[in-house]
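The structure under discussion appears below in the form of structure tokens.
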Amino acid sequence: MGNPHTPQQGSIFEENLAPALSGIEKSAIEVDALVAQLNHHAHRYHVLDAPEVPDAEYDRLFQRLQALEAAHPELIRADSPTRRVGGQPLDGFSPVRHAVPMLSIRTETDTEATGAEAFDARIRRELGLGEADAPVQYVAEPKFDGLAMGLRYEQGVLVQAATRGDGEVGEDVTQNIRTIGQIPLKLLAHPGQPAPPVLEVRGEVYMRRDDFEALNERQRQKIAAGAKGEKTFVNPRNAAAGAVRQLDPAIAAQRPLSFFAYGLGEVSAAAEGGPTWATHWDMLQALRAWGFPVSSLVAVATGAADLVAFHRRLGLQRDALPFDIDGVVYKVNRLDLQRSLGFVTREPRWAVAHKYPAQEQMTTVLAIEVQVGRTGKLTPVAKLAPVFVGGVTVTNATLHNEDEARRKDVRVGDTVVVRRAGDVIPEVVGVVPRSGATAPDGSPWPERGAPYTAPAHCPVCGSDAVREDGEVDTRCTGGLFCGAQRKQAILHFAQRRAVEIEGLGEKLVDQLVDGQVIHSLPDLYRLGFVALASLDRMADKSAQNLVAALDKSKHTTLPRFLFGLGIRHVGETTAKDLAKHFGRLDAIMDATEAQLLAVRDVGPVVAHSVHTFFQQAHNREVVEQLRACGLTWPEGEGTADNASPQVLAGLTVVLTGTLPTLSRDAAKELLEAAGAKVTGSVSKKTSLVVAGAEAGSKLDKARELGIEVLDEAGLLARLQVGAQVP
Ligand code: IVH
């Protein structure tokens, strides 16, 4: 500046400032700006769920920062987001002594309302409050089911993350914790509250239920592909604990973890620049402002009545939450009162955990039975000694399929862990190993049954049961001949989302099918009042209502009817798409696979399933009979442009090899519908080759001649987008 040789405008920075700032200084300024921006965007994305920029922009900034750091490793800052990934695998974790011990809290074992009342009564007694004194103010929080973590920030920058360990000494898991996008690497600027020199934030690392399911799905695929040393996790807490204690941070980074802040460890005193909050609530608000996730379920509660209401309300929400909780925690809100209440042995007097019924329990397997589903799927189900889990008494738990049952090696006589979380079907998590010479109650261990094998015949109708190559499920081949499938088919047709026959429930369908009163879906509409009223336990009034409900259900819509037929892979959405595209049921029934493939979102699997369903004479017969019984729905023209777009007009195409989903005939039909001529051998006249697995000499020849080759996905893409063939 002040340079007498100031050149033309526009190059002031380069010509004028450059001599003052070296390259490294400029890079340092840019690194600072990038780190601040990236940390801001990470908070918007991971904590607030409200990103301001597209992912691509984040990636661009991130890559720029990576490049600068690669060029100048001395500029890598402790709060750089690039440190969230990578790092070297460790041999073990170093011990960390907690400056303030990480305590546990007393658990109110009574899961009913009295737990909250007992806690409030104790607090009032300790504080010397009488009847006339005002109610005590609390903060009520979910008790997150994960693992406790202490996050140490010095001058606002994350320097260490430690597990609880024995409460005095934990383990240094900083590398892994850095990979959690929700955890700030640097406290966000907070006008009212500058970052204290030392701040240790405590909270829970956990895994969301959807992340857990997706992780286990990935694990199952790895195992199926033959990966060694991989396993599935029994519940989100176990998966989270495994990820936190993973020695290779690259693997930890692939395990999706989340975090909620709920407290503090060591903090600088007010005189040394520390905070001066009066309440726990204020502290939580400051943590939120600094960028930590604080659960929106946390609430201020006044007196015992509010605590009871909180416990009840969260209990009702529990199954629907995106993460597991095992109870609620009540904390005295005023920090001065917390201090005066202090601690008994190793637990604070000012807080208590109030549990919900556990979602996992142990019980014994009495039998393993096989259930038949609507589509004939045979599911092994463990019959259990009744056990109270997740708020209900459970006597059945699914073993999913043969592979799962064998992998877990669940057998009659075993002690197992049963889990019921959310409104999902209870499942057997695993077998508890037998230890000791006798069972815990002193009786001899019961004999173990044989390992589970899928039956060769349907247990209900005796038809062959088959497991196709590459499928996990064994299916009954009996179709609607099978009583179990018939019952399920009727219930599916009658459900609210299908034609809706009000009052037709499981018990009644059992009675009708088992008593041979009806044999098929159409029979249902042939039942009159007299037949219904003569059923056991059927009052005249109920019979009348059912007749009315049957009549009402006759006026339906095409999507509901179609969905109600229970065609494999045809859910409500697909049924709507099909109805919209074709307009009329007959058009759907007569559609070729290629025509079905022209429907929006319909792929080869669905097209094949719909086509096969309507190729079966007995299914067409059911449809005709239902129509004859008076079922009607409005029909229209459909939105399909009946002539498929002739995107391959004039081309000569050769098919070779096995395509992953399309049969040879379906592929041929599809190509021809798009205007192509399909021939058997590759020559100079060939315009395109569609190749699948084990394509041999034809593919080689095509390559030799420089002919374009597509795989199935490429073909489908071309047909659907109608791209021009060069
Ligand atoms: S406060 C001194 N609040 O429950 C009080 N703990 O035994 C320290 N937990 O290991 C704990 N949610 O991991 C607190 N909202 C919450 C919590 C919570 C889950 C866990 C924590 C601790 C155990 C308490």
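As shown in the structure tokens, the chain order sets the letters A, B, ...; within each chain, residues go from 1, and ligands are also counted from 1 in the order they appear.
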task: Name the residues in contact with Glu30 (chain A) at a cut-off of 9 Å, using only C-alpha atoms, excluding same-chain residues fewer than 5 positions from it; report them as a list in words.
output: Glu25, Val35, Leu65 and Leu68 of chain A
Just-selected residues, C-alpha atoms written as a CSV table (one decimal), in the first residue's frame:
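File produced: result_20.csv:
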```csv
chain,number,residue,atom,x,y,z
A,25,GLU,CA,0.3,-16.5,4.6
A,35,VAL,CA,-12.4,-24.5,8.0
A,65,LEU,CA,-9.0,-27.5,1.9
A,68,LEU,CA,-4.0,-26.7,0.7
```
Could the residues that lie within 9 Å of ligand 1, counting only C-alpha atoms and all ligand atoms, be listed as a PDB file with N, CA and C atoms, in the first residue's frame?
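Output file pocket22.pdb follows:
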```
ATOM      1  N   PRO A 101     -15.064 -37.150  37.706  1.00  0.00           N
ATOM      2  CA  PRO A 101     -15.485 -38.532  37.430  1.00  0.00           C
ATOM      3  C   PRO A 101     -16.782 -38.576  36.625  1.00  0.00           C
ATOM      4  N   MET A 102     -16.893 -39.594  35.783  1.00  0.00           N
ATOM      5  CA  MET A 102     -18.141 -39.766  35.015  1.00  0.00           C
ATOM      6  C   MET A 102     -19.031 -40.715  35.794  1.00  0.00           C
ATOM      7  N   LEU A 103     -19.990 -40.136  36.485  1.00  0.00           N
ATOM      8  CA  LEU A 103     -20.816 -40.928  37.391  1.00  0.00           C
ATOM      9  C   LEU A 103     -22.008 -41.516  36.670  1.00  0.00           C
ATOM     10  N   SER A 104     -22.607 -42.473  37.342  1.00  0.00           N
ATOM     11  CA  SER A 104     -23.879 -42.953  36.814  1.00  0.00           C
ATOM     12  C   SER A 104     -24.969 -42.349  37.691  1.00  0.00           C
ATOM     13  N   ILE A 105     -26.209 -42.605  37.327  1.00  0.00           N
ATOM     14  CA  ILE A 105     -27.285 -42.052  38.147  1.00  0.00           C
ATOM     15  C   ILE A 105     -28.132 -43.164  38.715  1.00  0.00           C
ATOM     16  N   ARG A 106     -28.740 -42.858  39.819  1.00  0.00           N
ATOM     17  CA  ARG A 106     -29.595 -43.832  40.470  1.00  0.00           C
ATOM     18  C   ARG A 106     -30.783 -44.125  39.557  1.00  0.00           C
ATOM     19  N   THR A 107     -31.199 -45.376  39.561  1.00  0.00           N
ATOM     20  CA  THR A 107     -32.329 -45.750  38.718  1.00  0.00           C
ATOM     21  C   THR A 107     -33.547 -45.992  39.584  1.00  0.00           C
ATOM     22  N   ALA A 140     -36.565 -32.478  32.357  1.00  0.00           N
ATOM     23  CA  ALA A 140     -36.803 -33.889  32.056  1.00  0.00           C
ATOM     24  C   ALA A 140     -36.227 -34.182  30.678  1.00  0.00           C
ATOM     25  N   GLU A 141     -35.473 -35.257  30.590  1.00  0.00           N
ATOM     26  CA  GLU A 141     -34.780 -35.598  29.338  1.00  0.00           C
ATOM     27  C   GLU A 141     -35.008 -37.066  28.990  1.00  0.00           C
ATOM     28  N   PRO A 142     -34.893 -37.414  27.724  1.00  0.00           N
ATOM     29  CA  PRO A 142     -34.894 -38.838  27.388  1.00  0.00           C
ATOM     30  C   PRO A 142     -33.625 -39.477  27.942  1.00  0.00           C
ATOM     31  N   LYS A 143     -33.686 -40.745  28.302  1.00  0.00           N
ATOM     32  CA  LYS A 143     -32.467 -41.465  28.655  1.00  0.00           C
ATOM     33  C   LYS A 143     -32.057 -42.231  27.400  1.00  0.00           C
ATOM     34  N   PHE A 144     -31.080 -41.663  26.711  1.00  0.00           N
ATOM     35  CA  PHE A 144     -30.651 -42.206  25.423  1.00  0.00           C
ATOM     36  C   PHE A 144     -29.935 -43.526  25.639  1.00  0.00           C
ATOM     37  N   ASP A 145     -30.196 -44.486  24.760  1.00  0.00           N
ATOM     38  CA  ASP A 145     -29.600 -45.798  24.940  1.00  0.00           C
ATOM     39  C   ASP A 145     -28.375 -45.945  24.046  1.00  0.00           C
ATOM     40  N   GLY A 146     -27.280 -45.369  24.512  1.00  0.00           N
ATOM     41  CA  GLY A 146     -26.039 -45.454  23.746  1.00  0.00           C
ATOM     42  C   GLY A 146     -24.899 -45.586  24.721  1.00  0.00           C
ATOM     43  N   LEU A 147     -23.813 -44.821  24.490  1.00  0.00           N
ATOM     44  CA  LEU A 147     -22.754 -44.855  25.488  1.00  0.00           C
ATOM     45  C   LEU A 147     -22.273 -43.451  25.807  1.00  0.00           C
ATOM     46  N   ALA A 148     -21.923 -43.269  27.080  1.00  0.00           N
ATOM     47  CA  ALA A 148     -21.557 -41.942  27.561  1.00  0.00           C
ATOM     48  C   ALA A 148     -20.201 -41.534  26.989  1.00  0.00           C
ATOM     49  N   MET A 149     -20.080 -40.242  26.678  1.00  0.00           N
ATOM     50  CA  MET A 149     -18.836 -39.745  26.093  1.00  0.00           C
ATOM     51  C   MET A 149     -18.516 -38.385  26.694  1.00  0.00           C
ATOM     52  N   ARG A 164     -16.480 -43.607  29.094  1.00  0.00           N
ATOM     53  CA  ARG A 164     -16.655 -43.538  30.528  1.00  0.00           C
ATOM     54  C   ARG A 164     -15.696 -44.482  31.261  1.00  0.00           C
ATOM     55  N   ARG A 202     -20.528 -33.477  28.110  1.00  0.00           N
ATOM     56  CA  ARG A 202     -20.851 -34.902  28.227  1.00  0.00           C
ATOM     57  C   ARG A 202     -22.168 -35.198  27.526  1.00  0.00           C
ATOM     58  N   GLY A 203     -22.239 -36.359  26.968  1.00  0.00           N
ATOM     59  CA  GLY A 203     -23.468 -36.729  26.270  1.00  0.00           C
ATOM     60  C   GLY A 203     -23.407 -38.171  25.843  1.00  0.00           C
ATOM     61  N   GLU A 204     -24.332 -38.522  24.986  1.00  0.00           N
ATOM     62  CA  GLU A 204     -24.483 -39.916  24.601  1.00  0.00           C
ATOM     63  C   GLU A 204     -24.211 -40.084  23.110  1.00  0.00           C
ATOM     64  N   VAL A 205     -23.321 -41.006  22.785  1.00  0.00           N
ATOM     65  CA  VAL A 205     -23.127 -41.406  21.393  1.00  0.00           C
ATOM     66  C   VAL A 205     -24.084 -42.561  21.141  1.00  0.00           C
ATOM     67  N   PHE A 260     -26.046 -36.788  21.363  1.00  0.00           N
ATOM     68  CA  PHE A 260     -26.838 -35.788  22.090  1.00  0.00           C
ATOM     69  C   PHE A 260     -26.050 -35.325  23.307  1.00  0.00           C
ATOM     70  N   ALA A 261     -25.967 -34.015  23.496  1.00  0.00           N
ATOM     71  CA  ALA A 261     -25.305 -33.468  24.677  1.00  0.00           C
ATOM     72  C   ALA A 261     -26.326 -33.353  25.803  1.00  0.00           C
ATOM     73  N   TYR A 262     -25.915 -33.679  27.047  1.00  0.00           N
ATOM     74  CA  TYR A 262     -26.829 -33.531  28.178  1.00  0.00           C
ATOM     75  C   TYR A 262     -26.167 -33.052  29.458  1.00  0.00           C
ATOM     76  N   GLY A 263     -24.861 -32.766  29.431  1.00  0.00           N
ATOM     77  CA  GLY A 263     -24.246 -32.347  30.691  1.00  0.00           C
ATOM     78  C   GLY A 263     -22.820 -31.883  30.501  1.00  0.00           C
ATOM     79  N   LEU A 264     -22.137 -31.673  31.625  1.00  0.00           N
ATOM     80  CA  LEU A 264     -20.780 -31.158  31.603  1.00  0.00           C
ATOM     81  C   LEU A 264     -19.866 -31.970  32.498  1.00  0.00           C
ATOM     82  N   SER A 295     -31.383 -32.716  22.390  1.00  0.00           N
ATOM     83  CA  SER A 295     -32.668 -33.276  21.953  1.00  0.00           C
ATOM     84  C   SER A 295     -33.804 -32.283  22.137  1.00  0.00           C
ATOM     85  N   VAL A 298     -36.241 -32.597  25.238  1.00  0.00           N
ATOM     86  CA  VAL A 298     -35.926 -32.116  26.590  1.00  0.00           C
ATOM     87  C   VAL A 298     -36.899 -31.008  26.977  1.00  0.00           C
ATOM     88  N   ILE A 325     -34.595 -45.295  23.394  1.00  0.00           N
ATOM     89  CA  ILE A 325     -34.396 -44.728  24.731  1.00  0.00           C
ATOM     90  C   ILE A 325     -34.801 -45.815  25.713  1.00  0.00           C
ATOM     91  N   ASP A 326     -34.180 -45.812  26.900  1.00  0.00           N
ATOM     92  CA  ASP A 326     -34.588 -46.847  27.850  1.00  0.00           C
ATOM     93  C   ASP A 326     -35.265 -46.257  29.071  1.00  0.00           C
ATOM     94  N   GLY A 327     -35.501 -44.958  29.035  1.00  0.00           N
ATOM     95  CA  GLY A 327     -36.201 -44.330  30.141  1.00  0.00           C
ATOM     96  C   GLY A 327     -36.131 -42.826  29.995  1.00  0.00           C
ATOM     97  N   VAL A 328     -36.394 -42.121  31.090  1.00  0.00           N
ATOM     98  CA  VAL A 328     -36.217 -40.675  31.095  1.00  0.00           C
ATOM     99  C   VAL A 328     -35.300 -40.334  32.264  1.00  0.00           C
ATOM    100  N   VAL A 329     -34.720 -39.140  32.227  1.00  0.00           N
ATOM    101  CA  VAL A 329     -33.872 -38.680  33.327  1.00  0.00           C
ATOM    102  C   VAL A 329     -34.456 -37.376  33.834  1.00  0.00           C
ATOM    103  N   TYR A 330     -34.622 -37.265  35.146  1.00  0.00           N
ATOM    104  CA  TYR A 330     -35.074 -36.005  35.737  1.00  0.00           C
ATOM    105  C   TYR A 330     -33.879 -35.371  36.420  1.00  0.00           C
ATOM    106  N   LYS A 331     -33.729 -34.052  36.244  1.00  0.00           N
ATOM    107  CA  LYS A 331     -32.623 -33.337  36.883  1.00  0.00           C
ATOM    108  C   LYS A 331     -33.161 -32.066  37.522  1.00  0.00           C
ATOM    109  N   ARG A 346     -21.519 -42.606  44.833  1.00  0.00           N
ATOM    110  CA  ARG A 346     -21.056 -42.203  43.507  1.00  0.00           C
ATOM    111  C   ARG A 346     -22.192 -41.698  42.629  1.00  0.00           C
ATOM    112  N   GLU A 347     -23.285 -41.280  43.248  1.00  0.00           N
ATOM    113  CA  GLU A 347     -24.423 -40.843  42.438  1.00  0.00           C
ATOM    114  C   GLU A 347     -24.925 -39.474  42.877  1.00  0.00           C
ATOM    115  N   PRO A 348     -25.269 -38.628  41.897  1.00  0.00           N
ATOM    116  CA  PRO A 348     -25.802 -37.323  42.295  1.00  0.00           C
ATOM    117  C   PRO A 348     -27.177 -37.485  42.940  1.00  0.00           C
ATOM    118  N   ARG A 349     -27.436 -36.670  43.968  1.00  0.00           N
ATOM    119  CA  ARG A 349     -28.770 -36.711  44.587  1.00  0.00           C
ATOM    120  C   ARG A 349     -29.781 -35.970  43.734  1.00  0.00           C
ATOM    121  N   TRP A 350     -29.291 -35.102  42.837  1.00  0.00           N
ATOM    122  CA  TRP A 350     -30.196 -34.205  42.107  1.00  0.00           C
ATOM    123  C   TRP A 350     -30.726 -34.771  40.797  1.00  0.00           C
ATOM    124  N   ALA A 351     -30.367 -36.022  40.500  1.00  0.00           N
ATOM    125  CA  ALA A 351     -30.847 -36.611  39.239  1.00  0.00           C
ATOM    126  C   ALA A 351     -31.265 -38.055  39.468  1.00  0.00           C
ATOM    127  N   VAL A 352     -32.174 -38.520  38.645  1.00  0.00           N
ATOM    128  CA  VAL A 352     -32.583 -39.920  38.719  1.00  0.00           C
ATOM    129  C   VAL A 352     -32.985 -40.384  37.326  1.00  0.00           C
ATOM    130  N   ALA A 353     -32.764 -41.670  37.075  1.00  0.00           N
ATOM    131  CA  ALA A 353     -33.228 -42.268  35.813  1.00  0.00           C
ATOM    132  C   ALA A 353     -34.505 -43.028  36.111  1.00  0.00           C
TER     133      ALA A 353
END
```
- request: Find the spatial neighbours of Gln155 (chain A), counting only C-alpha atoms, within a cut-off of 12 Å - ignore same-chain residues fewer than 3 positions away - and output them as a PyMOL selection string.
  value: chain A and resi 78-79+152+158-159+185-189+194-200+267-268+272-274
query: Which residue out of A:Ala548, A:Leu491, A:Ala465, A:Val530 has the minimum interatomic distance to Val513 (chain A) when only C-alpha atoms are used?
result: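 Smallest distance to Val513 (chain A) is found for A:Leu491.
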Nearby residues (only C-alpha atoms) at most 7 Å from Ser463 (chain A), same-chain spacing under 5 positions excluded, as a CSV table (one decimal) with N, CA and C atoms, in the first residue's frame:
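Now in part32.csv:
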```csv
chain,number,residue,atom,x,y,z
A,457,HIS,N,-42.3,-79.5,2.7
A,457,HIS,CA,-43.7,-79.4,2.3
A,457,HIS,C,-44.4,-78.3,3.2
A,458,CYS,N,-45.3,-77.7,2.6
A,458,CYS,CA,-46.1,-76.6,3.4
A,458,CYS,C,-46.8,-77.3,4.6
A,476,CYS,N,-44.3,-71.9,-0.1
A,476,CYS,CA,-45.2,-73.0,-0.4
A,476,CYS,C,-45.7,-72.7,-1.9
A,477,THR,N,-45.7,-73.8,-2.6
A,477,THR,CA,-46.1,-73.6,-4.1
A,477,THR,C,-47.6,-73.8,-4.3
A,478,GLY,N,-48.4,-74.0,-3.2
A,478,GLY,CA,-49.8,-74.3,-3.3
A,478,GLY,C,-50.7,-73.1,-3.8
```
- request: Take CA of Leu504 (chain A) and CA of Asp540 (chain A) and report the distance between them in Å, one decimal.
  value: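 A separation of 15.0 Å between them.
Of the residues listed (A:Gly390, A:Pro455, A:Pro446, A:Pro249), A:Gly390 shows the shortest atom-to-atom separation from Pro426 (chain A); distances use only C-alpha atoms.
Going from CA of Val682 (chain A) over to CA of Gln646 (chain A), you cover 22.1 Å.
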Using only C-alpha atoms, what does the table of region 316-430 of chain A residues within 12 Å of region 562-566 of chain A look like, with each row giving the shortest atom pair and its distance in Å to one decimal, sorted by chain and ascending number, as a Markdown table?
```
| residue | atom | partner | partner_atom | distance |
| --- | --- | --- | --- | --- |
| A:Gly373 | CA | A:Gly566 | CA | 11.4 |
| A:Arg374 | CA | A:Gly566 | CA | 7.9 |
| A:Thr375 | CA | A:Gly566 | CA | 7.9 |
| A:Gly376 | CA | A:Gly566 | CA | 11.5 |
```
query: Which is closer to Val169 (chain A) than all the others in A:Val96, A:Val678, A:Val136, A:Val432, using only C-alpha atoms?
result: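 With only C-alpha atoms as the atom set, the closest residue is A:Val96.
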- prompt: Near Glu694 (chain A), counting only C-alpha atoms, which residues have an atom at most 10 Å away, once you skip same-chain residues fewer than 5 positions from it, shown as a PyMOL selection string?
  reply: chain A and resi 656-659+699
Those residues you just picked out, can you put them in a file as a JSON list (two decimals), in the first residue's frame with N, CA, C and O atoms?
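out13.json, written as the output of this step:
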```json
[["chain", "number", "residue", "atom", "x", "y", "z"],
["A", 656, "THR", "N", -27.09, -61.44, -26.45],
["A", 656, "THR", "CA", -26.19, -62.54, -26.13],
["A", 656, "THR", "C", -25.95, -62.61, -24.62],
["A", 656, "THR", "O", -25.97, -61.59, -23.94],
["A", 657, "GLY", "N", -25.73, -63.83, -24.13],
["A", 657, "GLY", "CA", -25.49, -64.00, -22.69],
["A", 657, "GLY", "C", -26.78, -63.93, -21.90],
["A", 657, "GLY", "O", -27.87, -63.73, -22.44],
["A", 658, "THR", "N", -26.64, -64.09, -20.56],
["A", 658, "THR", "CA", -27.80, -64.09, -19.68],
["A", 658, "THR", "C", -27.93, -62.72, -19.02],
["A", 658, "THR", "O", -27.00, -62.26, -18.35],
["A", 659, "LEU", "N", -29.07, -62.09, -19.22],
["A", 659, "LEU", "CA", -29.27, -60.78, -18.59],
["A", 659, "LEU", "C", -29.68, -60.99, -17.14],
["A", 659, "LEU", "O", -30.32, -62.01, -16.81],
["A", 699, "LEU", "N", -19.98, -61.43, -28.40],
["A", 699, "LEU", "CA", -19.51, -60.19, -27.80],
["A", 699, "LEU", "C", -18.12, -59.84, -28.36],
["A", 699, "LEU", "O", -17.84, -58.69, -28.71]]
```
task: Rounded to one decimal place, report the CA of His611 (chain A)-CA of Thr573 (chain A) distance in Å.
output: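 These two atoms are separated by 17.4 Å.
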Show me, as a PDB file with N, CA and C atoms, in the first residue's frame, the residues that have an atom within 9 Å of Glu402 (chain A) when counting only C-alpha atoms, minus same-chain residues fewer than 2 positions from it.
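Dumped to selection34.pdb:
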```
ATOM      1  N   THR A 379     -42.136 -68.758   7.237  1.00  0.00           N
ATOM      2  CA  THR A 379     -41.296 -68.079   8.218  1.00  0.00           C
ATOM      3  C   THR A 379     -41.172 -68.928   9.480  1.00  0.00           C
ATOM      4  N   PRO A 380     -39.919 -69.257   9.884  1.00  0.00           N
ATOM      5  CA  PRO A 380     -39.769 -69.962  11.155  1.00  0.00           C
ATOM      6  C   PRO A 380     -40.041 -69.001  12.315  1.00  0.00           C
ATOM      7  N   LEU A 399     -37.859 -65.743  13.436  1.00  0.00           N
ATOM      8  CA  LEU A 399     -36.470 -66.108  13.151  1.00  0.00           C
ATOM      9  C   LEU A 399     -36.148 -65.758  11.695  1.00  0.00           C
ATOM     10  N   HIS A 400     -37.057 -65.024  11.057  1.00  0.00           N
ATOM     11  CA  HIS A 400     -36.909 -64.495   9.698  1.00  0.00           C
ATOM     12  C   HIS A 400     -36.887 -65.553   8.590  1.00  0.00           C
ATOM     13  N   GLU A 404     -31.091 -67.271   8.727  1.00  0.00           N
ATOM     14  CA  GLU A 404     -30.988 -66.559  10.002  1.00  0.00           C
ATOM     15  C   GLU A 404     -31.102 -67.528  11.165  1.00  0.00           C
ATOM     16  N   ALA A 405     -32.061 -68.449  11.072  1.00  0.00           N
ATOM     17  CA  ALA A 405     -32.272 -69.408  12.155  1.00  0.00           C
ATOM     18  C   ALA A 405     -31.021 -70.260  12.353  1.00  0.00           C
ATOM     19  N   ARG A 406     -30.362 -70.586  11.248  1.00  0.00           N
ATOM     20  CA  ARG A 406     -29.170 -71.436  11.341  1.00  0.00           C
ATOM     21  C   ARG A 406     -27.967 -70.634  11.814  1.00  0.00           C
ATOM     22  N   ARG A 407     -27.891 -69.410  11.331  1.00  0.00           N
ATOM     23  CA  ARG A 407     -26.763 -68.570  11.726  1.00  0.00           C
ATOM     24  C   ARG A 407     -26.805 -68.330  13.238  1.00  0.00           C
ATOM     25  N   TYR A 452     -32.570 -75.936  12.923  1.00  0.00           N
ATOM     26  CA  TYR A 452     -33.743 -75.711  12.074  1.00  0.00           C
ATOM     27  C   TYR A 452     -33.423 -75.971  10.609  1.00  0.00           C
ATOM     28  N   THR A 453     -34.329 -76.689   9.943  1.00  0.00           N
ATOM     29  CA  THR A 453     -34.249 -76.763   8.478  1.00  0.00           C
ATOM     30  C   THR A 453     -35.631 -76.438   7.937  1.00  0.00           C
ATOM     31  N   ALA A 454     -35.667 -75.720   6.835  1.00  0.00           N
ATOM     32  CA  ALA A 454     -36.953 -75.362   6.240  1.00  0.00           C
ATOM     33  C   ALA A 454     -37.646 -76.643   5.807  1.00  0.00           C
ATOM     34  N   VAL A 472     -33.656 -66.097  -0.171  1.00  0.00           N
ATOM     35  CA  VAL A 472     -33.499 -66.520   1.220  1.00  0.00           C
ATOM     36  C   VAL A 472     -34.749 -67.231   1.707  1.00  0.00           C
ATOM     37  N   ASP A 473     -35.882 -66.967   1.055  1.00  0.00           N
ATOM     38  CA  ASP A 473     -37.131 -67.517   1.554  1.00  0.00           C
ATOM     39  C   ASP A 473     -37.511 -68.824   0.886  1.00  0.00           C
ATOM     40  N   THR A 474     -38.093 -69.683   1.699  1.00  0.00           N
ATOM     41  CA  THR A 474     -38.688 -70.909   1.188  1.00  0.00           C
ATOM     42  C   THR A 474     -40.174 -70.611   1.032  1.00  0.00           C
TER      43      THR A 474
END
```
task: Please identify all polymer residues within 9 Å of Pro293 (chain A), counting only C-alpha atoms, omitting same-chain residues fewer than 4 positions from it, and present them as number ranges by chain.
output: A: 46-48, 182-183, 258-261, 287-288
field: Expected answer as a PyMOL selection string: helix (DSSP H, G or I) residues in region 204-386 of chain A
entry: chain A and resi 209-224+236-244+249-253+270-272+280-289+303-320+335-341
- line: Counting only C-alpha atoms, closest pick from A:His519, A:Arg475, A:Arg208, A:Arg237 relative to Val370 (chain A) is A:Arg475
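Here the question is which of A:Ser534, A:Gly167, A:Phe233, A:Leu366 gets nearest to Glu217 (chain A) using only C-alpha atoms, and that residue is A:Phe233.
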- request: Apply DSSP to the structure's backbone, then extract all residues of region 454-590 of chain A labelled strand (DSSP E) and return them as an NGL selection string.
  value: :A and (465-466 or 474-476)
- request: Find the residue from A:Asn401, A:Gln63, A:Thr592, A:Gln361 that sits nearest to Val418 (chain A); use only C-alpha atoms when measuring.
  value: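 Using only C-alpha atoms, Val418 (chain A) sits closest to A:Gln361.
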